[in-house]
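Working notes, structure below.
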Amino acid sequence: MFKNYLKIAWRNLLKNKTFSLINIAGLASGLACFILITLYIIDELSYDRFHEKADRIYRVHSDIRFGGTDMSLAVTSDPMGATLKKDYPQVEQFTRIYASEGSKLFKKENVYITEDRVVFADSTLFDVFTLPAIAGNTKTALHEPNTVVINESTAKKYFGSVEAAMGKTMECNDERNRLYKVTAVIKDIPKNSHFNYDLFLSMDNVEYGFGNFMSHNFHTYIVLQPGADYKAFDKNFVQLIEKYLLPQARQFMKIESMSDFEKTGNKLAYSIMPITDIHLHSDRIVELGVNGSIQYVYIFGAVALFILLIACINFMNLSTARSASRAKEVGIRKVLGTEKKYLIRQFLAESTLTSFIALLLAILGAWLALNWFNNLAGKEFHITDLLQPGFLLFLLALPVAVGLVAGSYPAFFLSSFKPISVLKGKLNTGFSKSNLRSSLVVFQFFTTILLITGTIVIYKQLRYIQTTKIGFNKDQVLIIDNPSMGRSTAESFKAEVAKLSSVKSASFAGFLPVSNSSRNDNTWSTEAVMTEKNGFNMQNWRIDYDYIPTLGMEVIKGRNFSQQYGGDSTALIINETTAALIGPGDPIGKKLYTSDGQNSTVYTVIGVVKNFNYESLRKNVGPLCFRLGNNRWATAFRVETKDMKNLLAQVETTFKKMAPGMPFTYNFLDESFDRMYRDEQRIGKVAFSFSFLAILIACLGLFGLATYMAEQRTKEIGVRKVLGASVSSIVQMLSKDFVKLVLLACVFAIPLAWWAMSQWLQNFAYRVNIGWWVFAAAAGIALIITILTVSSQAVKAALTNPVKSLRTE
């Protein structure tokens with residue numbers, strides 16, 4: 001019986017080639033989109049779940065508000081982990097990662113290689129995380145100083161093989177030129193991890209003042225005992241703050257109790273987050289990598305589902321619209337005794353067969369589009385990911401589900417025809433006769449208008465980010481990385497390149513106004529004795545005399561640092577936010593105080609720089625000050641040339657001459673700035689691409705509906721033409737029903753689109769306004785597409801010779 005269903009279904013597909021082609025093309029496009037986005041969602045949801053203790057691993061977070069400045073940190077103090085394990089039996093183990101020292105240079109033969117993915121870690125790292133060893137014993141690998149654990153790729157890069165790496169030393173070109181002994185080699189960390197490092201150095205090599213609860217620089221992870229309630233565990237931090245942190249805070253500020261501290265609007269709180277939530281739910285300062293966003297998972301998922309639904313709706317609409325051509329078949333089969341359930345099975349078999357054919361084309365399309373999608377989504381999927389056993393079962397189940405969803409209504413609709421009415425020709429199949437079909441068309445364009453609106457708003461916001469005044473000039477600024485370069489060498493390199501005619505100014509630039517640059521938060525006060533009322537947190541950047549002009553910043557009061565003033569070593573340049581924070585009146589000459597717990601230092605404000613966005617436009621500009629200091633790990637050059645290639649060659653030649661064996665790496669400040677908005681750029685491309693796809697699939701459905709509508713009204717059109725109707729009036733008659741449905745879709749889509757995009761824009765402290773024209777443009781685009789698609793068939797029908805259509809009358 002099933003074989004017979006398939007035979008009939010196949011014959012019907014061949015018999016109605018246009019109808020079949022439209023359905024298969026629409027379903028294949030929708031399925032290909034759905035498959036690719038499902039891969040993305042599965043990958044995003046899989047982060048950090050490969051660890052054996054993933055359900056019990058948590059990261060400790062810090063939330064600080066002091067003097068009106070908020071900091072949500074992914075790091076905490078260095079003694080936090082050990083203290084939690086000592087004081088609370090719920091904590092089974094802890095480990096720390098210290099990633100504050102950036103990239104390092106390691107020597108391979110006579111050449112140094114820059115390693116960006118290197119951190120310090122406790123020896124307990126491998127008790128917490130599942131990082132399997134290929135060679136060596138990870139239980140003891142980092143117990144001693146000057147030891148390193150590397151991954152398999154690093155072992156092969158430096159030593160040729162894993163076996164050759166064991167016991168060898170790696171020379172690090174830091175200030176002490178340390179030699180690190182390779183004590184273990186681990187497998188490469190899976191890409192679906194919130195941190196991914198190649199080298200783990202012993203924590204014993206960190207030169208840091210341990211035991212300080214007030215300084216937050218360590219990523220701290222704990223493993224809770226089985227069955228422990230992590231939400232209840234957060235309550236322990238109140239006791240910990242009172243016991244350990246408050247006594248240390250009293251060393252450099254006057255504070256009676258935490259309750260008094262909080263009454264003034266300040267805050268100090270700690271919490272823990274499940275490791276499996278970090279990638280999609282954490283966007284804190286000093287993350288160990290670029291995290292994703294659950295918001296974008298929802299957006300991607302909704303887009304995939306909507307596009308698949310649009311394709312299914314096309315199938316339902318076209319199947320019911322051409323019901324007249326199947327009506328006599330149903331009537332005759334019912335007269336001959338075929339039961340309704342067998343007719344339903346037959347039509348479901350047809351829709352499922354169509355879905356399976358569409359699936360084969362969708363898999364081919366997904367494979368061909370894989371590289372494009374990888375670039376779009378920032379992933380590295382391969383064809384093998386489509387062929388994993390679990391995913392294959394999903395792919396096999398998909399056409400069955402789609403076939404049932406898309407074919408259910410046509411099956412029940414067509415099988416419900418009464419044979420007497422059908423055979424007497426009393427069946428009504430016109431476009432306006434089906435409320436459900438009209439509703440489905442409304443839903444199609446409701447979704448399309450949402451996608452078009454989203455695309456326009458995202459484009460506007462990205463354009464605003466790229467063109468708005470951010471307080472500094474990011475264009476034509478060349479950044480040269482020079483980690484571990486000695487002071488005299490770095491200064492000579494800077495001076496030599498500054499002599500080039502294309503270079504207008506030069507500055508050491510370890511601190512840059514882009515994400516992932518160095519940051520240094522300090523506690524300051526407006527009086528010598530710090531209290532919860534006069535203290536505040538502030539970014540503290542060490543710069544040289546040429547930094548402000550090189551970065552194109554503007555001093556609006558006072559002056560820049562100058563070698564003519566010997567007292568500038570204790571001078572500050574503050575931004576406008578800080579000037580407003582320290583009180584009314586002229587800020588020039590005011591004193592600001594800071595302390596390390598033992599010594600207090602007073603600084604004098606000599607200048608105010610115009611506010612600039614030193615973080616992304618998602619955040620407001622916070623307090624910041626400049627101090628004279630050394631930050632030679634990068635050098636910035638403001639350049640002015642049309643031959644950038646030649647300039648880079650000159651700079652590289654100078655660099656290699658002065659630092660032989662050192663790697664030459666560079667970037668441009670505007671490119672680093674744009675990378676801060678990679679997620680928004682990605683979502684913009686996704687919105688545009690899938691809006692286009694949704695429009696294309698919807699147009700296929702409209703084209704099919706218009707074709708059948710024109711066929712059903714062939715004789716009516718002929719009569720109207722004989723009676724003198726013009727082509728334009730006939731086109732208008734055939735198009736008006738569709739135009740009404742699109743206008744109705746606008747009524748429902750525009751309010752939801754406004755709400756959704758307003759929510760998305762809340763992620764930005766600086767954002768565009770959504771003008772009325774955005775919705776008018778989305779509605780206009782949808783109307784134009786509808787009119788063009790329907791008119792193509794309406795004009796064809798209107799131009800047909802009426803003699804042909806009336807010949808049989």
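Chain lettering (A, B, ...) mirrors the order of the structure tokens, residue numbering begins at 1 for each chain separately, and ligand numbering begins at 1 in order of display.
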
For this session: Step one, run DSSP on the backbone; step two, keep only residues of stretch 218-407 of chain A assigned to alpha helix (DSSP H); then write them as a ChimeraX atom specification.
Result: /A:230-233,236-240,246-249,258-263,275-281,294-321,323-335,340-368,370-377,383-386,389-407

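The shell of residues at most 6 Å from stretch 661-665 of chain A, with only C-alpha atoms counted and near chain neighbours (fewer than 6 positions) removed, consists of Val111, Tyr112 and Asp481 of chain A.
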
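Considering the residues A:Thr550, A:Ser729, A:Ser791, A:Thr467 and counting only C-alpha atoms, A:Phe703 has its shortest atom-to-atom contact with A:Ser791.
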
For this session: Skip A:Thr147 itself and residues of its chain fewer than 6 positions away, then list as number ranges by chain all residues within 6 Å of it, counting only C-alpha atoms.
Result: A: 180-181, 202

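DSSP, applied to the backbone of this structure, assigns strand (DSSP E) to the following residues of stretch 635-694 of chain A: Thr635, Ala636, Phe637, Arg638, Val639, Thr665, Tyr666, Asn667 and Phe668 of chain A.
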
If you keep N, CA and C atoms, can you produce a file of those selected residues as an mmCIF file, in the first residue's frame?
data_model
loop_
_atom_site.group_PDB
_atom_site.id
_atom_site.type_symbol
_atom_site.label_atom_id
_atom_site.label_comp_id
_atom_site.auth_asym_id
_atom_site.auth_seq_id
_atom_site.Cartn_x
_atom_site.Cartn_y
_atom_site.Cartn_z
ATOM 1 N N THR A 635 53.296 50.530 19.959
ATOM 2 C CA THR A 635 53.628 51.886 19.525
ATOM 3 C C THR A 635 52.628 52.310 18.460
ATOM 4 N N ALA A 636 52.092 53.526 18.608
ATOM 5 C CA ALA A 636 51.110 54.051 17.660
ATOM 6 C C ALA A 636 51.750 55.139 16.804
ATOM 7 N N PHE A 637 51.461 55.092 15.511
ATOM 8 C CA PHE A 637 51.963 56.108 14.584
ATOM 9 C C PHE A 637 50.780 56.687 13.810
ATOM 10 N N ARG A 638 50.624 58.002 13.879
ATOM 11 C CA ARG A 638 49.626 58.641 13.012
ATOM 12 C C ARG A 638 50.295 58.886 11.673
ATOM 13 N N VAL A 639 49.676 58.332 10.621
ATOM 14 C CA VAL A 639 50.300 58.376 9.304
ATOM 15 C C VAL A 639 49.403 59.113 8.321
ATOM 16 N N THR A 665 54.356 42.369 13.932
ATOM 17 C CA THR A 665 52.895 42.308 13.836
ATOM 18 C C THR A 665 52.332 43.715 13.971
ATOM 19 N N TYR A 666 51.283 43.975 13.241
ATOM 20 C CA TYR A 666 50.691 45.313 13.248
ATOM 21 C C TYR A 666 49.190 45.212 13.050
ATOM 22 N N ASN A 667 48.498 46.298 13.337
ATOM 23 C CA ASN A 667 47.075 46.431 13.011
ATOM 24 C C ASN A 667 46.768 47.919 12.933
ATOM 25 N N PHE A 668 45.581 48.213 12.473
ATOM 26 C CA PHE A 668 45.144 49.603 12.379
ATOM 27 C C PHE A 668 44.040 49.851 13.400
#

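Atom to atom, atom CA of A:Ile310 and atom CA of A:Ala694 stand 7.3 Å apart.
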
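With only C-alpha atoms as the basis for measurement, A:Leu125 is the residue among A:Leu305, A:Leu125, A:Ile588, A:Leu179 that approaches A:His143 most closely.
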
Where does stretch 661-705 of chain A meet stretch 515-530 of chain A within 12 Å, residue by residue, with the nearest atom pair and distance in Å to one decimal for each, counting only C-alpha atoms, listed by chain and rising number, as CSV?
residue,atom,partner,partner_atom,distance
A:Leu669,CA,A:Ser515,CA,11.1
A:Glu671,CA,A:Ser515,CA,11.7
A:Ser672,CA,A:Ser515,CA,8.1
A:Phe673,CA,A:Ser515,CA,7.8
A:Asp674,CA,A:Ser515,CA,10.2
A:Arg675,CA,A:Ser515,CA,8.6
A:Met676,CA,A:Ser515,CA,6.3
A:Tyr677,CA,A:Ser515,CA,9.9
A:Arg678,CA,A:Ser515,CA,11.6

Go ahead and save the residues from that selection, with C-alpha atoms, as an mmCIF file, in the first residue's frame.
data_model
loop_
_atom_site.group_PDB
_atom_site.id
_atom_site.type_symbol
_atom_site.label_atom_id
_atom_site.label_comp_id
_atom_site.auth_asym_id
_atom_site.auth_seq_id
_atom_site.Cartn_x
_atom_site.Cartn_y
_atom_site.Cartn_z
ATOM 1 C CA LEU A 669 43.138 51.318 15.102
ATOM 2 C CA GLU A 671 40.040 47.912 12.268
ATOM 3 C CA SER A 672 40.358 47.158 15.995
ATOM 4 C CA PHE A 673 37.471 49.562 16.611
ATOM 5 C CA ASP A 674 35.289 47.779 14.052
ATOM 6 C CA ARG A 675 36.076 44.397 15.629
ATOM 7 C CA MET A 676 34.309 45.541 18.809
ATOM 8 C CA TYR A 677 31.070 45.352 16.845
ATOM 9 C CA ARG A 678 31.695 41.993 15.178
#

For this session: Show which residues sit within 12 Å of A:Glu532, as a ChimeraX atom specification. Count only C-alpha atoms, and ignore same-chain residues fewer than 2 positions away.
Result: /A:65-68,249-250,252-268,523-527,529-530,534-537

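Minimum atom-to-atom distance to A:Phe443, evaluated using only C-alpha atoms, belongs to A:Cys746 out of A:Ala377, A:Ile272, A:Ile465, A:Cys746.
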
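For the pair atom CA of A:Ser215 and atom CA of A:Val91, the interatomic distance is 22.4 Å.
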
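Compared by their closest atoms to A:Glu716, and using only C-alpha atoms, the residues A:Asn314, A:Met733, A:Asn217, A:Tyr88 rank with A:Met733 nearest.
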
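Between A:Asn473 and the residues A:Ala777, A:Leu512, A:Ile787, A:Ala490, the shortest atom-to-atom distance, using only C-alpha atoms, involves A:Leu512.
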